[in-house]
>>> print(open('entry21.txt').read())   # compact mmCIF, C-alpha atoms
# COMPACT_ATOMS: atom_id res chain seq x y z
CA MET H 206 9.22 118.82 95.09
CA GLY H 207 12.22 120.87 94.04
CA PHE H 208 15.92 121.04 94.70
CA LYS H 209 16.41 121.82 98.37
CA LEU H 210 17.31 125.48 98.33
CA ASN H 211 17.28 125.84 102.12
CA ASP H 212 19.70 123.06 102.98
CA GLU H 213 23.06 124.70 102.27
CA PRO H 214 25.88 122.64 103.84
CA SER H 215 28.04 124.16 106.54
CA LEU H 216 31.76 124.71 105.99
CA SER H 217 32.52 121.66 108.16
CA GLU H 218 30.26 119.54 105.96
CA ILE H 219 31.97 120.84 102.84
CA LEU H 220 35.38 120.02 104.30
CA PHE H 221 34.16 116.49 105.05
CA PHE H 222 33.08 115.97 101.44
CA MET H 223 36.39 117.39 100.23
CA LYS H 224 38.23 114.63 102.08
CA ASP H 225 35.88 111.76 101.39
CA ASP H 226 33.48 112.25 98.53
CA LEU H 227 35.29 113.87 95.60
CA LYS H 228 37.61 111.19 94.31
CA ILE H 229 37.30 111.74 90.57
CA SER H 230 38.14 108.98 88.13
CA LEU H 231 41.81 109.34 87.21
CA LYS H 232 41.13 109.08 83.49
CA LYS H 233 37.79 109.44 81.79
CA PRO H 234 37.49 107.32 78.63
CA SER H 235 37.02 109.12 75.35
CA TYR H 236 33.61 108.46 73.81
CA PRO H 237 33.22 108.42 70.02
CA VAL H 238 31.03 110.93 68.19
CA SER H 239 27.85 109.06 67.25
CA SER H 240 26.11 109.33 63.88
CA ALA H 241 23.20 111.13 65.55
CA LEU H 242 25.54 113.71 67.06
CA LYS H 243 27.31 114.16 63.71
CA THR H 244 23.92 114.87 62.10
CA TYR H 245 23.17 117.43 64.81
CA LEU H 246 26.56 119.12 64.34
CA SER H 247 26.02 119.33 60.59
CA GLU H 248 22.59 120.88 61.04
CA TYR H 249 23.99 123.67 63.21
CA ASN H 250 27.19 124.30 61.22
CA ARG H 251 29.54 122.77 63.78
CA LYS H 252 30.73 120.02 61.44
CA ILE H 253 32.92 121.45 58.68
CA ARG H 254 35.60 119.83 56.54
CA LEU H 255 39.02 120.84 57.85
CA PRO H 256 42.40 120.70 56.05
CA ILE H 257 44.23 119.13 59.02
CA PHE H 258 43.59 116.49 61.68
CA TYR H 259 44.68 116.23 65.31
CA ASP H 260 46.92 113.28 64.45
CA ASP H 261 48.79 115.39 61.88
CA LEU H 262 49.99 117.65 64.69
CA LEU H 263 51.46 114.67 66.53
CA ARG H 264 54.20 114.40 63.90
CA PHE H 265 56.46 116.89 65.71
CA GLN H 266 60.18 116.06 65.77
CA GLY H 267 61.02 117.64 69.12
CA SER H 268 59.88 120.02 71.86
CA VAL H 269 61.03 122.31 74.67
CA VAL H 270 59.34 123.11 77.97
CA VAL H 271 57.29 126.32 78.11
CA TYR H 272 57.82 128.34 81.32
CA ASP H 273 55.71 131.22 82.59
CA LYS H 274 57.05 134.66 83.54
CA ASN H 275 58.02 133.29 86.98
CA ASP H 276 60.03 130.41 85.44
CA LYS H 277 57.40 127.89 86.51
CA ASP H 278 56.71 124.89 84.28
CA THR H 279 53.36 125.46 82.53
CA LEU H 280 52.97 121.75 81.64
CA TRP H 281 53.00 122.79 77.96
CA VAL H 282 55.81 122.04 75.52
CA ARG H 283 56.60 123.98 72.32
CA THR H 284 56.77 121.62 69.37
CA TYR H 285 59.09 121.60 66.38
CA TYR H 286 58.45 119.97 63.00
CA SER H 287 60.55 119.13 59.99
CA GLU H 288 60.81 121.93 57.44
CA PHE H 289 58.57 120.11 54.97
CA ASP H 290 55.88 119.31 57.57
CA ARG H 291 55.99 122.79 59.10
CA GLN H 292 55.17 124.57 55.85
CA GLU H 293 52.17 122.35 55.21
CA ILE H 294 50.95 122.45 58.82
CA ASP H 295 51.30 126.24 59.05
CA LEU H 296 49.19 126.76 55.94
CA CYS H 297 46.51 124.35 57.13
CA LEU H 298 46.34 125.98 60.58
CA LYS H 299 45.90 129.41 58.98
CA LYS H 300 43.00 128.01 56.96
CA VAL H 301 41.47 126.58 60.13
CA TYR H 302 41.80 129.98 61.82
CA THR H 303 39.98 131.76 58.98
CA THR H 304 37.22 129.12 59.04
CA LEU H 305 36.81 129.39 62.81
CA HIS H 306 36.77 133.18 62.97
CA SER H 307 35.31 134.22 59.62
CA ASP H 308 33.92 132.69 56.43
CA GLY H 309 37.09 130.84 55.48
CA ASN H 310 38.18 133.51 53.03
CA GLU H 311 41.84 132.80 52.28
CA LYS H 312 42.69 136.35 51.20
CA THR H 313 43.86 137.09 54.75
CA ILE H 314 46.23 134.11 54.94
CA PRO H 315 49.32 136.07 53.69
CA PHE H 316 48.91 138.37 56.70
CA LEU H 317 48.85 135.54 59.25
CA ASN H 318 51.74 133.78 60.95
CA VAL H 319 51.76 130.67 63.14
CA ASP H 320 53.94 131.83 66.03
CA ALA H 321 53.73 128.69 68.17
CA ILE H 322 52.24 125.20 68.35
CA ASP H 323 52.23 124.03 71.98
CA TYR H 324 51.27 120.57 73.24
CA CYS H 325 49.97 119.62 76.70
CA THR H 326 50.18 116.09 78.07
CA PHE H 327 48.31 117.03 81.26
CA GLY H 328 44.66 116.01 81.49
CA ASN H 329 42.37 113.96 79.26
CA SER H 330 42.26 115.98 76.06
CA LYS H 331 46.05 116.42 75.41
CA PRO H 332 45.38 119.55 73.35
CA PHE H 333 47.49 121.52 70.93
CA ARG H 334 47.40 125.29 71.46
CA ILE H 335 48.03 127.31 68.32
CA LYS H 336 49.06 130.98 68.42
CA ILE H 337 48.15 132.93 65.27
CA ARG H 338 49.54 136.45 64.80
CA ASN H 339 48.53 139.16 62.33
CA VAL H 340 51.86 140.37 60.89
CA LEU H 341 50.38 143.79 60.00
CA ASN H 342 49.61 144.85 63.55
CA ASP H 343 50.98 142.10 65.84
CA ASN H 344 47.56 141.22 67.25
CA TYR H 345 47.31 137.54 68.04
CA ALA H 346 44.78 134.91 69.04
CA TYR H 347 44.79 131.29 70.19
CA PHE H 348 42.76 128.25 69.31
CA TYR H 349 42.99 124.59 70.31
CA ALA H 350 43.05 121.30 68.42
CA LYS H 351 41.90 118.24 70.38
CA LYS H 352 40.75 114.68 69.87
CA ALA H 353 37.00 114.77 69.33
CA ASP H 354 35.22 113.33 72.37
CA ALA H 355 31.43 113.17 72.63
CA SER H 356 31.42 114.28 76.30
CA ARG H 357 33.43 117.39 75.48
CA ILE H 358 31.26 118.27 72.47
CA TYR H 359 28.06 117.93 74.50
CA GLY H 360 29.64 120.09 77.20
CA LEU H 361 30.61 122.81 74.73
CA GLU H 362 27.19 122.85 73.12
CA LEU H 363 25.37 122.98 76.47
CA GLU H 364 27.63 125.81 77.59
CA HIS H 365 26.81 127.69 74.40
CA MET H 366 23.06 127.39 74.99
CA LEU H 367 22.66 127.47 78.78
CA SER H 368 25.39 129.84 79.97
CA PRO H 369 25.75 133.60 79.34
CA HIS H 370 28.63 132.87 76.95
CA ASN H 371 28.62 131.84 73.30
CA LEU H 372 31.21 129.30 72.19
CA ASN H 373 32.79 128.79 68.80
CA PHE H 374 34.03 125.32 67.84
CA LEU H 375 34.27 122.99 64.83
CA VAL H 376 34.29 119.21 64.49
CA TYR H 377 35.58 117.11 61.62
CA ASN H 378 35.89 113.33 61.98
CA ASP H 379 38.05 112.79 65.08
CA THR H 380 39.30 116.39 65.37
CA LEU H 381 37.82 119.14 67.53
CA ILE H 382 38.80 122.80 67.08
CA GLU H 383 37.94 125.20 69.94
CA GLU H 384 38.38 128.93 70.22
CA HIS H 385 40.34 130.20 73.21
CA ILE H 386 38.33 131.38 76.24
CA THR H 387 40.03 134.45 77.66
CA GLY H 388 40.29 135.08 81.37
CA ILE H 389 42.47 134.66 84.45
CA PRO H 390 42.86 131.01 85.53
CA GLY H 391 40.85 130.48 88.71
CA ASP H 392 43.75 129.08 90.74
CA GLU H 393 45.99 132.01 89.80
CA PHE H 394 43.24 134.53 90.54
CA ILE H 395 42.44 133.03 93.95
CA GLU H 396 46.10 132.97 94.97
CA THR H 397 47.39 136.30 93.68
CA MET H 398 44.48 138.63 92.92
CA LEU H 399 41.57 137.79 95.21
CA PRO H 400 43.36 139.00 98.39
CA ASN H 401 43.76 142.46 96.82
CA CYS H 402 40.13 142.84 95.73
CA THR H 403 37.97 145.43 97.46
CA PRO H 404 35.09 144.31 99.72
CA SER H 405 32.53 145.19 97.05
CA GLU H 406 34.51 143.24 94.42
CA LYS H 407 34.68 140.22 96.70
CA SER H 408 30.91 140.36 97.18
CA GLN H 409 30.39 140.49 93.44
CA ILE H 410 32.78 137.59 92.84
CA ALA H 411 31.03 135.59 95.57
CA LYS H 412 27.66 136.16 93.89
CA GLU H 413 29.03 135.02 90.53
CA PHE H 414 30.52 131.89 92.08
CA VAL H 415 27.16 130.99 93.64
CA LYS H 416 25.56 131.30 90.19
CA PHE H 417 28.39 129.38 88.54
CA ASN H 418 28.02 126.61 91.11
CA GLU H 419 24.29 126.38 90.43
CA ARG H 420 24.75 126.37 86.66
CA CYS H 421 27.27 123.53 86.77
CA MET H 422 25.04 121.46 89.04
CA ILE H 423 21.91 121.84 86.90
CA ARG H 424 23.63 120.98 83.61
CA LEU H 425 25.86 118.27 85.17
CA LEU H 426 29.24 119.77 84.28
CA GLY H 427 31.76 118.19 86.62
CA ASP H 428 35.28 118.76 87.92
CA MET H 429 35.23 122.54 88.14
CA ARG H 430 38.34 122.81 90.25
CA SER H 431 39.96 126.22 90.20
CA TYR H 432 42.20 125.47 87.21
CA ASN H 433 39.22 124.40 85.08
CA TYR H 434 37.53 127.80 85.05
CA VAL H 435 38.60 131.40 84.52
CA ILE H 436 37.68 134.70 86.13
CA VAL H 437 36.89 137.40 83.57
CA PRO H 438 37.14 141.04 84.72
CA THR H 439 35.24 143.66 82.71
CA HIS H 440 35.48 147.39 83.37
CA ASP H 441 32.07 149.03 83.67
CA PHE H 442 31.93 152.78 84.40
CA ASP H 443 33.63 153.19 87.79
CA HIS H 444 34.04 149.56 88.81
CA VAL H 445 35.09 146.11 87.58
CA VAL H 446 32.54 143.36 86.98
CA TYR H 447 33.73 139.77 87.35
CA THR H 448 32.28 136.66 85.75
CA VAL H 449 33.19 132.98 86.11
CA ARG H 450 33.53 130.84 82.96
CA ALA H 451 34.19 127.13 82.58
CA ILE H 452 37.05 126.27 80.22
CA ASP H 453 37.15 122.46 80.53
CA PHE H 454 34.21 120.34 79.40
CA ASP H 455 35.64 116.82 79.60
CA GLN H 456 33.55 115.87 82.63
CA GLN H 457 30.12 116.49 81.14
CA CYS H 458 27.70 113.85 82.49
CA PHE H 459 30.31 111.24 83.42
CA GLU H 460 30.88 110.96 87.18
CA GLY H 461 28.38 109.25 89.48
CA LYS H 462 29.03 111.36 92.58
CA PHE H 463 26.60 114.27 92.61
CA ASN H 464 28.94 116.64 94.43
CA VAL H 465 31.45 116.40 91.56
CA TYR H 466 29.00 118.65 89.69
CA ARG H 467 29.06 121.26 92.48
CA PRO H 468 32.26 123.37 92.46
CA GLN H 469 31.72 124.35 96.10
CA PHE H 470 32.87 120.90 97.24
CA PHE H 471 36.37 120.99 95.77
CA LYS H 472 39.14 121.92 98.19
CA GLU H 473 40.69 124.11 95.47
CA ASN H 474 37.62 126.36 95.77
CA PHE H 475 37.56 126.55 99.56
CA LYS H 476 38.60 130.22 99.64
CA MET H 477 35.65 131.05 97.41
CA VAL H 478 33.28 129.11 99.67
CA ASP H 479 34.77 130.78 102.74
CA MET H 480 34.29 134.21 101.16
CA ILE H 481 30.64 133.41 100.36
CA SER H 482 29.94 132.27 103.93
CA GLU H 483 31.51 135.46 105.32
CA ARG H 484 29.53 137.82 103.09
CA PHE H 485 26.14 136.24 102.44
CA GLU H 486 23.26 135.10 104.55
CA LYS H 487 21.41 131.97 103.45
CA ASP H 488 18.57 134.08 102.00
CA SER H 489 20.99 135.91 99.69
CA ILE H 490 22.52 132.65 98.50
CA ASN H 491 19.06 131.28 97.74
CA GLN H 492 18.15 134.47 95.88
CA TYR H 493 21.16 134.16 93.56
CA LYS H 494 20.48 130.46 93.01
CA LEU H 495 16.88 131.22 92.06
CA GLU H 496 18.05 133.98 89.71
CA GLU H 497 20.38 131.54 87.93
CA ARG H 498 17.67 128.88 87.67
CA SER H 499 15.30 131.40 86.10
CA ILE H 500 17.93 132.48 83.58
CA ILE H 501 18.68 128.86 82.67
CA ALA H 502 14.96 128.17 82.25
CA LYS H 503 14.63 131.16 79.92
CA ARG H 504 17.60 130.00 77.85
CA PHE H 505 16.18 126.48 77.73
CA ILE H 506 12.88 127.84 76.42
CA SER H 507 14.66 130.05 73.86
CA PHE H 508 16.70 127.10 72.52
CA ASP H 509 13.76 124.70 72.87
CA ASP H 510 14.01 122.78 69.56
CA ARG H 511 17.79 122.83 69.36
CA ILE H 512 18.42 121.74 72.93
CA ASN H 513 15.82 118.99 72.70
CA GLU H 514 17.59 117.68 69.59
CA LEU H 515 20.86 117.65 71.52
CA LEU H 516 19.26 115.87 74.47
CA GLU H 517 17.83 113.21 72.15
CA CYS H 518 21.37 112.61 70.89
CA MET H 519 22.60 112.29 74.48
CA ILE H 520 19.81 109.88 75.41
CA SER H 521 20.76 107.59 72.53
CA ASP H 522 24.47 107.87 73.38
CA THR H 523 26.82 106.23 75.90
CA LEU H 524 28.53 108.86 78.07
CA SER H 525 29.32 107.01 81.29
CA THR H 526 29.30 103.64 83.02
CA PRO H 527 26.16 101.90 84.37
CA GLU H 528 27.63 102.18 87.89
CA HIS H 529 28.03 105.95 87.59
CA GLU H 530 24.55 106.36 86.13
CA THR H 531 22.93 104.36 88.94
CA LEU H 532 24.82 106.24 91.64
CA LEU H 533 24.06 109.68 90.19
CA LYS H 534 20.33 109.18 89.67
CA THR H 535 20.06 107.78 93.21
CA LYS H 536 21.93 110.74 94.71
CA ILE H 537 19.86 113.30 92.78
CA TYR H 538 16.67 111.55 93.87
CA GLU H 539 17.82 111.84 97.50
CA TYR H 540 18.43 115.54 96.89
CA THR H 541 15.17 116.29 95.08
CA ASN H 542 12.69 113.51 95.95
CA ASP H 543 11.73 113.55 92.26
CA THR H 544 11.05 109.97 91.10
CA ARG H 545 11.71 110.91 87.45
CA PHE H 546 15.41 110.71 88.18
CA LEU H 547 15.15 107.14 89.50
CA LYS H 548 13.47 106.10 86.24
CA SER H 549 16.29 107.53 84.10
CA LYS H 550 18.03 104.94 81.93
CA ASN H 551 21.25 106.87 81.23
CA MET H 552 23.07 110.19 81.67
CA GLY H 553 21.16 111.83 78.83
CA GLU H 554 17.84 111.15 80.56
CA ILE H 555 19.18 112.33 83.92
CA LEU H 556 20.21 115.65 82.37
CA LYS H 557 16.89 115.96 80.52
CA HIS H 558 14.97 115.51 83.78
CA SER H 559 17.22 118.08 85.48
CA LEU H 560 16.53 120.72 82.81
CA ASP H 561 12.82 119.82 82.62
CA PHE H 562 12.63 120.20 86.38
CA VAL H 563 14.09 123.72 86.26
CA LYS H 564 11.85 124.68 83.33
CA ARG H 565 8.75 123.23 84.99
CA ASN H 566 9.33 125.08 88.26
CA TYR H 567 10.02 128.33 86.42
CA GLN H 568 6.79 128.09 84.42
CA THR H 569 4.84 127.24 87.58
CA GLU H 570 6.21 130.28 89.38
CA ASN H 571 5.42 132.44 86.32
CA SER H 572 2.14 130.85 85.27
CA ASP H 573 0.72 134.23 84.31
CA ILE H 574 3.40 134.63 81.62
CA ILE H 575 2.64 133.24 78.17
CA PHE H 576 5.61 131.89 76.21
>>> encode(input="entry21.txt", output="structure tokens")
Amino acid sequence: MGFKLNDEPSLSEILFFMKDDLKISLKKPSYPVSSALKTYLSEYNRKIRLPIFYDDLLRFQGSVVVYDKNDKDTLWVRTYYSEFDRQEIDLCLKKVYTTLHSDGNEKTIPFLNVDAIDYCTFGNSKPFRIKIRNVLNDNYAYFYAKKADASRIYGLELEHMLSPHNLNFLVYNDTLIEEHITGIPGDEFIETMLPNCTPSEKSQIAKEFVKFNERCMIRLLGDMRSYNYVIVPTHDFDHVVYTVRAIDFDQQCFEGKFNVYRPQFFKENFKMVDMISERFEKDSINQYKLEERSIIAKRFISFDDRINELLECMISDTLSTPEHETLLKTKIYEYTNDTRFLKSKNMGEILKHSLDFVKRNYQTENSDIIF
């Protein structure tokens, strides 16, 4: 028996869960990168020796608050280093940039400048955001340096394989380097841009949010409140196409409450949920959910060996607490009536059964197709 596609909660039910059910752990512990995961990362060129570590960036001597264009505190601070440290750090960050975006060729380094190194104390990862500018044409790009956390690495790798978006990141010892994901922060978009969208644009955004919600649930990516994803507009002929992309992967397979993995239940996303209920009948919602499940199944099949290797790493790893694992597998069993979930020993097995379930149903529905 499959996930219950025809039991969409009403808005009143969603509001109830918003008040009662979604109390996320205040601070998720950081889980070390296991030897099995390191082997996996090496095999797929994610583990590369870097010239600088996260802890090196913590040596800043001072900082100032970074404000946005409306003079609102961004929760980032701009760091300052001693002259000796800054020269060394700048050179190392340029080398990291060339490794992340090309083959590490250092011939381009003289044309690069480190314009800013910002630090954020908000959230679990406490990242550094580095702005690199090409001095020849003033084009610039960002990347992030974070403490390596197994949950976040699994989340990034799953996003790379199971979502429509490729991700570029590097790991070396306890340092994680991530490329910047461009887009409009979800909370900003909902507040300032969504009201001005045309009816057809709102329908398209609603469809994408339904698919995004389904994707997060299936792959157990939690805490997708509006500031943890971005809206990406793309101009296509005579209209704009919108997509929804996750940008925070800390809560991969950690929480025990099932609804934490369903963005529709966060109060920050209520306007999105309201828009969906106004524009779509239940049949349309189910259609988009089925479309997303089929796409995920196809991606799973395409990445078969690689994703199974990753899942084996997750199964042998510790990613949550026994209490969370017991609660989650019980809740998913109540949702699916699939006893495989009850037999799961940890978060890795719960996720494996979730993906196997989607793949199995897809192949059953398309039994005449040979893969």
>>> closest_residue(input="entry21.txt", among="H:His370, H:Lys557, H:Lys503, H:Lys412", to="Val446 in chain H", atoms="all atoms listed in the file")
H:Lys412
>>> atom_distance(input="entry21.txt", atom1="CA of Tyr447 in chain H", atom2="CA of Glu406 in chain H")
7.9 Å
>>> closest_residue(input="entry21.txt", among="H:Glu496, H:Asp428, H:Asp453, H:Asp323", to="Thr284 in chain H", atoms="all atoms listed in the file")
H:Asp323
>>> atom_distance(input="entry21.txt", atom1="CA of Phe316 in chain H", atom2="CA of Pro256 in chain H")
18.8 Å
>>> closest_residue(input="entry21.txt", among="H:Leu381, H:Leu515, H:Ala355, H:Ile506", to="Ser235 in chain H", atoms="only C-alpha atoms")
H:Ala355
>>> residues_around(input="entry21.txt", residues="Lys534 in chain H", least_positions_apart="4", cutoff="8 Å", atoms="all atoms listed in the file", output="ChimeraX atom specification")
/H:530,538,546-547,549,555
>>> closest_residue(input="entry21.txt", among="H:Pro468, H:Gly391, H:Gly267, H:Pro400", to="Ile322 in chain H", atoms="all atoms listed in the file")
H:Gly267
>>> residues_around(input="entry21.txt", residues="Ala353 in chain H", least_positions_apart="6", cutoff="9 Å", atoms="only C-alpha atoms", output="ChimeraX atom specification")
/H:235-238,259,330,376-382
>>> residues_around(input="entry21.txt", residues="Pro438 in chain H", least_positions_apart="6", cutoff="10 Å", atoms="only C-alpha atoms", output="CSV table (one decimal) with C-alpha atoms, keeping the file's coordinate frame")
chain,number,residue,atom,x,y,z
H,388,GLY,CA,40.3,135.1,81.4
H,389,ILE,CA,42.5,134.7,84.4
H,410,ILE,CA,32.8,137.6,92.8
H,444,HIS,CA,34.0,149.6,88.8
H,445,VAL,CA,35.1,146.1,87.6
H,446,VAL,CA,32.5,143.4,87.0
H,447,TYR,CA,33.7,139.8,87.4
H,448,THR,CA,32.3,136.7,85.8
H,449,VAL,CA,33.2,133.0,86.1
>>> closest_residue(input="entry21.txt", among="H:Leu425, H:Ser525, H:Asp509, H:Lys407", to="Val478 in chain H", atoms="all atoms listed in the file")
H:Lys407
>>> closest_residue(input="entry21.txt", among="H:Pro234, H:Gly328, H:Pro315, H:Gly427", to="Asn464 in chain H", atoms="only C-alpha atoms")
H:Gly427
